[in-house]
Amino acid sequence: MLRVVFTRRWILLTILFVALILVMGRLGLWQYHRYEQTKRSNHKISLAQHAEPVPIQSLSGPGANLPGSERYRPVTATGQYDPAHQFVVRRRTNADGDQGFFLITPLIISNGDAVLVNRGWVAPADDTAAFPAVPKTPAGTVTLTGRLQLDETTRISGIRNVGGLPPRQFMLINSTEQTKKLSKPVLSGYLELVKTSPPLTKGQSAEQIGAPGSDSSGTDMAVVGQGVHLPYAIQWWLFALMVPVGWWILLRQELKERRKKAAAATAAAPPAPRGPEGTAGTDVKAEADVTADAGSEAATRS
């Protein structure tokens, strides 16, 4: 076996198998780190979501730099909608994966600042370039409860902010971009609507955006096995453990093949030369030689 293992072919094959083990182990470790990162992120989201609601102006202001830890924090806002500056955001999907728009309506709060409110998803018109049919805007003073979201940017969202769109249509929900359109200061970030007081009528409701991070029971989503990263890590490590098994199976197979070839070569080898009468003839000749030697010795004694 050692003679086989230390051949050039098997040395190279062993190096390849060791490299595969290292690569698969590293990929598994990378996926595990991704799992840990996702777990920490989900835990932060869970903490933010289960915090007590606070007025949005206590966390945000015009031009404020919102920390990522405040994302999904429950916030409230009281004021009146400004339907004249209402707009939609393109290429957004609902819970069923259908593509449409998010409906964004500014809310003017008591100090005169504007808060962008994502009221939910609306279906596109037959002509995708046309402004879609949207729910009616509630009149009068309303109190909103929702999730605080950070301004969308191309770097964070991966959505390209293209120009030349139809009127009142945008690619991103961004307070800085909307400040140029409104005559009032706009708070950083936006409110993702969850509840309205007084309640909305059917004609005023868009399709609500589901909450990320937690299930209906309120438990933390960062549990073992949730998501893809932990299963992928385990999968790569199992592959790494299977490589030595494959190496041993290949080695045993080659040793078996070598033994078969050696046995076949031995069976095919020609027999050793024999006398004309075989082994028995050889023994008679040897016995005659011994008799002749004995007679010579007796003659010498005489």
# chains A, B, ... in the order shown; residues from 1 in each chain; ligands from 1
call {"tool": "residues_around", "arguments": {"residues": "stretch 94-106 of chain A", "least_positions_apart": "3", "cutoff": "6 Å", "atoms": "only C-alpha atoms", "output": "NGL selection string"}}
result
:A and (81-82 or 86-91 or 114-124)
call {"tool": "select_by_dssp", "arguments": {"residues": "stretch 21-130 of chain A", "states": "alpha helix (DSSP H)", "output": "compact mmCIF listing (two decimals) with C-alpha atoms, in the first residue's frame"}}
result
# COMPACT_ATOMS: atom_id res chain seq x y z
CA ILE A 21 -10.96 19.55 2.28
CA LEU A 22 -9.46 22.97 3.04
CA VAL A 23 -11.63 24.77 0.47
CA MET A 24 -14.84 23.08 1.62
CA GLY A 25 -14.00 23.72 5.26
CA ARG A 26 -13.37 27.40 4.48
CA LEU A 27 -16.65 27.70 2.57
CA GLY A 28 -18.48 26.15 5.49
CA LEU A 29 -16.82 28.60 7.87
CA TRP A 30 -17.77 31.52 5.61
CA GLN A 31 -21.41 30.39 5.55
CA TYR A 32 -21.36 30.01 9.34
CA HIS A 33 -20.03 33.55 9.75
CA ARG A 34 -22.83 34.75 7.46
CA TYR A 35 -25.29 32.90 9.66
CA GLU A 36 -23.88 34.56 12.79
CA GLN A 37 -24.02 37.97 11.10
CA THR A 38 -27.63 37.41 10.03
CA LYS A 39 -28.49 36.19 13.50
CA ARG A 40 -27.09 39.37 15.08
CA SER A 41 -28.87 41.54 12.52
CA ASN A 42 -32.17 39.75 13.06
CA HIS A 43 -31.78 40.12 16.81
CA LYS A 44 -31.32 43.88 16.43
CA ILE A 45 -34.40 44.04 14.21
CA SER A 46 -36.35 42.06 16.80
CA LEU A 47 -35.26 44.41 19.59
CA ALA A 48 -36.15 47.47 17.51
CA GLN A 49 -39.57 46.10 16.56
call {"tool": "closest_residue", "arguments": {"among": "A:Gly112, A:Pro212, A:Gly158, A:Gly79", "to": "A:Thr143", "atoms": "only C-alpha atoms"}}
result
A:Gly79
call {"tool": "residues_around", "arguments": {"residues": "A:Leu148", "least_positions_apart": "4", "cutoff": "9 Å", "atoms": "only C-alpha atoms", "output": "ChimeraX atom specification"}}
result
/A:56,70-75,189-192
call {"tool": "closest_residue", "arguments": {"among": "A:Thr176, A:Leu200, A:Gly246, A:Ala125", "to": "A:Gly61", "atoms": "only C-alpha atoms"}}
result
A:Thr176
call {"tool": "select_by_dssp", "arguments": {"residues": "stretch 77-179 of chain A", "states": "strand (DSSP E)", "output": "PyMOL selection string"}}
result
chain A and resi 77-81+87-93+99-109+114-122+141-149+169-170
call {"tool": "write_last_selection", "arguments": {"atoms": "N, CA and C atoms", "output": "CSV table (one decimal), in the first residue's frame"}}
result
chain,number,residue,atom,x,y,z
A,77,ALA,N,-46.8,59.4,14.4
A,77,ALA,CA,-46.8,60.7,13.8
A,77,ALA,C,-48.3,61.2,13.7
A,78,THR,N,-48.5,62.4,14.0
A,78,THR,CA,-49.8,63.0,13.9
A,78,THR,C,-49.8,64.3,13.0
A,79,GLY,N,-50.7,64.3,12.1
A,79,GLY,CA,-50.8,65.5,11.2
A,79,GLY,C,-51.8,65.3,10.1
A,80,GLN,N,-51.6,66.0,9.0
A,80,GLN,CA,-52.5,65.9,7.9
A,80,GLN,C,-51.8,65.6,6.6
A,81,TYR,N,-52.4,64.7,5.8
A,81,TYR,CA,-51.7,64.3,4.6
A,81,TYR,C,-51.7,65.4,3.6
A,87,PHE,N,-46.7,60.6,-4.4
A,87,PHE,CA,-46.0,60.0,-5.5
A,87,PHE,C,-45.9,58.4,-5.3
A,88,VAL,N,-45.5,57.7,-6.3
A,88,VAL,CA,-45.3,56.3,-6.2
A,88,VAL,C,-43.9,55.9,-6.5
A,89,VAL,N,-43.5,54.8,-6.0
A,89,VAL,CA,-42.1,54.2,-6.2
A,89,VAL,C,-42.3,53.0,-7.1
A,90,ARG,N,-41.5,52.9,-8.1
A,90,ARG,CA,-41.7,51.8,-9.1
A,90,ARG,C,-41.0,50.5,-8.7
A,91,ARG,N,-41.4,49.5,-9.4
A,91,ARG,CA,-40.8,48.1,-9.3
A,91,ARG,C,-40.7,47.6,-7.9
A,92,ARG,N,-41.8,47.6,-7.2
A,92,ARG,CA,-41.9,47.1,-5.9
A,92,ARG,C,-42.9,45.9,-5.9
A,93,THR,N,-42.6,44.9,-5.1
A,93,THR,CA,-43.4,43.7,-5.1
A,93,THR,C,-44.2,43.6,-3.8
A,99,GLN,N,-45.4,42.6,-9.2
A,99,GLN,CA,-44.7,43.8,-9.2
A,99,GLN,C,-45.6,45.0,-9.4
A,100,GLY,N,-45.4,46.1,-8.7
A,100,GLY,CA,-46.3,47.2,-8.8
A,100,GLY,C,-45.6,48.4,-8.2
A,101,PHE,N,-46.3,49.2,-7.3
A,101,PHE,CA,-45.8,50.5,-6.8
A,101,PHE,C,-46.0,50.5,-5.3
A,102,PHE,N,-45.1,51.3,-4.6
A,102,PHE,CA,-45.4,51.7,-3.3
A,102,PHE,C,-46.0,53.1,-3.3
A,103,LEU,N,-47.1,53.4,-2.6
A,103,LEU,CA,-47.7,54.7,-2.5
A,103,LEU,C,-47.1,55.5,-1.4
A,104,ILE,N,-46.6,56.6,-1.7
A,104,ILE,CA,-45.9,57.5,-0.7
A,104,ILE,C,-46.7,58.8,-0.6
A,105,THR,N,-47.2,59.2,0.6
A,105,THR,CA,-47.9,60.4,0.8
A,105,THR,C,-47.2,61.2,1.9
A,106,PRO,N,-46.8,62.4,1.7
A,106,PRO,CA,-46.3,63.2,2.8
A,106,PRO,C,-47.3,63.5,3.9
A,107,LEU,N,-46.9,63.5,5.1
A,107,LEU,CA,-47.8,63.9,6.2
A,107,LEU,C,-47.1,65.1,6.9
A,108,ILE,N,-47.9,66.2,7.0
A,108,ILE,CA,-47.4,67.4,7.6
A,108,ILE,C,-47.8,67.4,9.1
A,109,ILE,N,-46.7,67.4,9.9
A,109,ILE,CA,-46.9,67.3,11.4
A,109,ILE,C,-47.0,68.7,11.9
A,114,ALA,N,-42.4,67.7,7.1
A,114,ALA,CA,-43.1,66.7,6.4
A,114,ALA,C,-42.5,65.3,6.7
A,115,VAL,N,-43.3,64.3,6.8
A,115,VAL,CA,-42.9,62.9,7.0
A,115,VAL,C,-43.4,62.1,5.9
A,116,LEU,N,-42.5,61.4,5.2
A,116,LEU,CA,-42.9,60.6,4.1
A,116,LEU,C,-43.5,59.3,4.7
A,117,VAL,N,-44.7,59.0,4.2
A,117,VAL,CA,-45.4,57.8,4.7
A,117,VAL,C,-45.6,56.8,3.5
A,118,ASN,N,-45.1,55.6,3.7
A,118,ASN,CA,-45.3,54.5,2.8
A,118,ASN,C,-46.6,53.9,3.2
A,119,ARG,N,-47.7,54.2,2.4
A,119,ARG,CA,-49.0,53.7,2.7
A,119,ARG,C,-49.3,52.2,2.3
A,120,GLY,N,-48.4,51.7,1.5
A,120,GLY,CA,-48.5,50.3,1.0
A,120,GLY,C,-48.4,50.1,-0.4
A,121,TRP,N,-48.7,48.9,-0.9
A,121,TRP,CA,-48.5,48.5,-2.3
A,121,TRP,C,-49.8,48.7,-3.1
A,122,VAL,N,-49.6,49.2,-4.3
A,122,VAL,CA,-50.7,49.3,-5.3
A,122,VAL,C,-50.4,48.6,-6.6
A,141,THR,N,-57.1,65.4,10.4
A,141,THR,CA,-55.9,65.0,11.2
A,141,THR,C,-56.0,63.5,11.5
A,142,VAL,N,-54.8,62.9,11.3
A,142,VAL,CA,-54.7,61.4,11.5
A,142,VAL,C,-53.5,61.1,12.4
A,143,THR,N,-53.6,60.1,13.1
A,143,THR,CA,-52.4,59.6,13.9
A,143,THR,C,-52.0,58.3,13.4
A,144,LEU,N,-50.7,58.2,13.0
A,144,LEU,CA,-50.2,57.0,12.3
A,144,LEU,C,-49.2,56.3,13.3
A,145,THR,N,-49.2,55.0,13.2
A,145,THR,CA,-48.2,54.1,13.8
A,145,THR,C,-47.6,53.3,12.7
A,146,GLY,N,-46.3,53.2,12.8
A,146,GLY,CA,-45.6,52.5,11.7
A,146,GLY,C,-44.1,52.2,12.1
A,147,ARG,N,-43.4,51.6,11.1
A,147,ARG,CA,-42.0,51.3,11.3
A,147,ARG,C,-41.1,52.3,10.7
A,148,LEU,N,-40.1,52.8,11.4
A,148,LEU,CA,-39.2,53.7,10.9
A,148,LEU,C,-38.2,53.0,9.9
A,149,GLN,N,-38.1,53.6,8.7
A,149,GLN,CA,-37.2,53.1,7.7
A,149,GLN,C,-36.2,54.2,7.3
A,169,GLN,N,-43.4,59.7,-10.3
A,169,GLN,CA,-42.9,58.4,-10.2
A,169,GLN,C,-41.4,58.5,-9.9
A,170,PHE,N,-41.0,57.7,-8.9
A,170,PHE,CA,-39.6,57.6,-8.5
A,170,PHE,C,-39.1,56.2,-8.4
call {"tool": "residues_around", "arguments": {"residues": "stretch 62-68 of chain A", "least_positions_apart": "3", "cutoff": "7 Å", "atoms": "only C-alpha atoms", "output": "list in words"}}
result
Arg71, Leu150, Pro185, Val186, Leu187 and Ser188 of chain A
call {"tool": "atom_distance", "arguments": {"atom1": "atom CA of A:Ala129", "atom2": "atom CA of A:Pro166"}}
result
6.5 Å
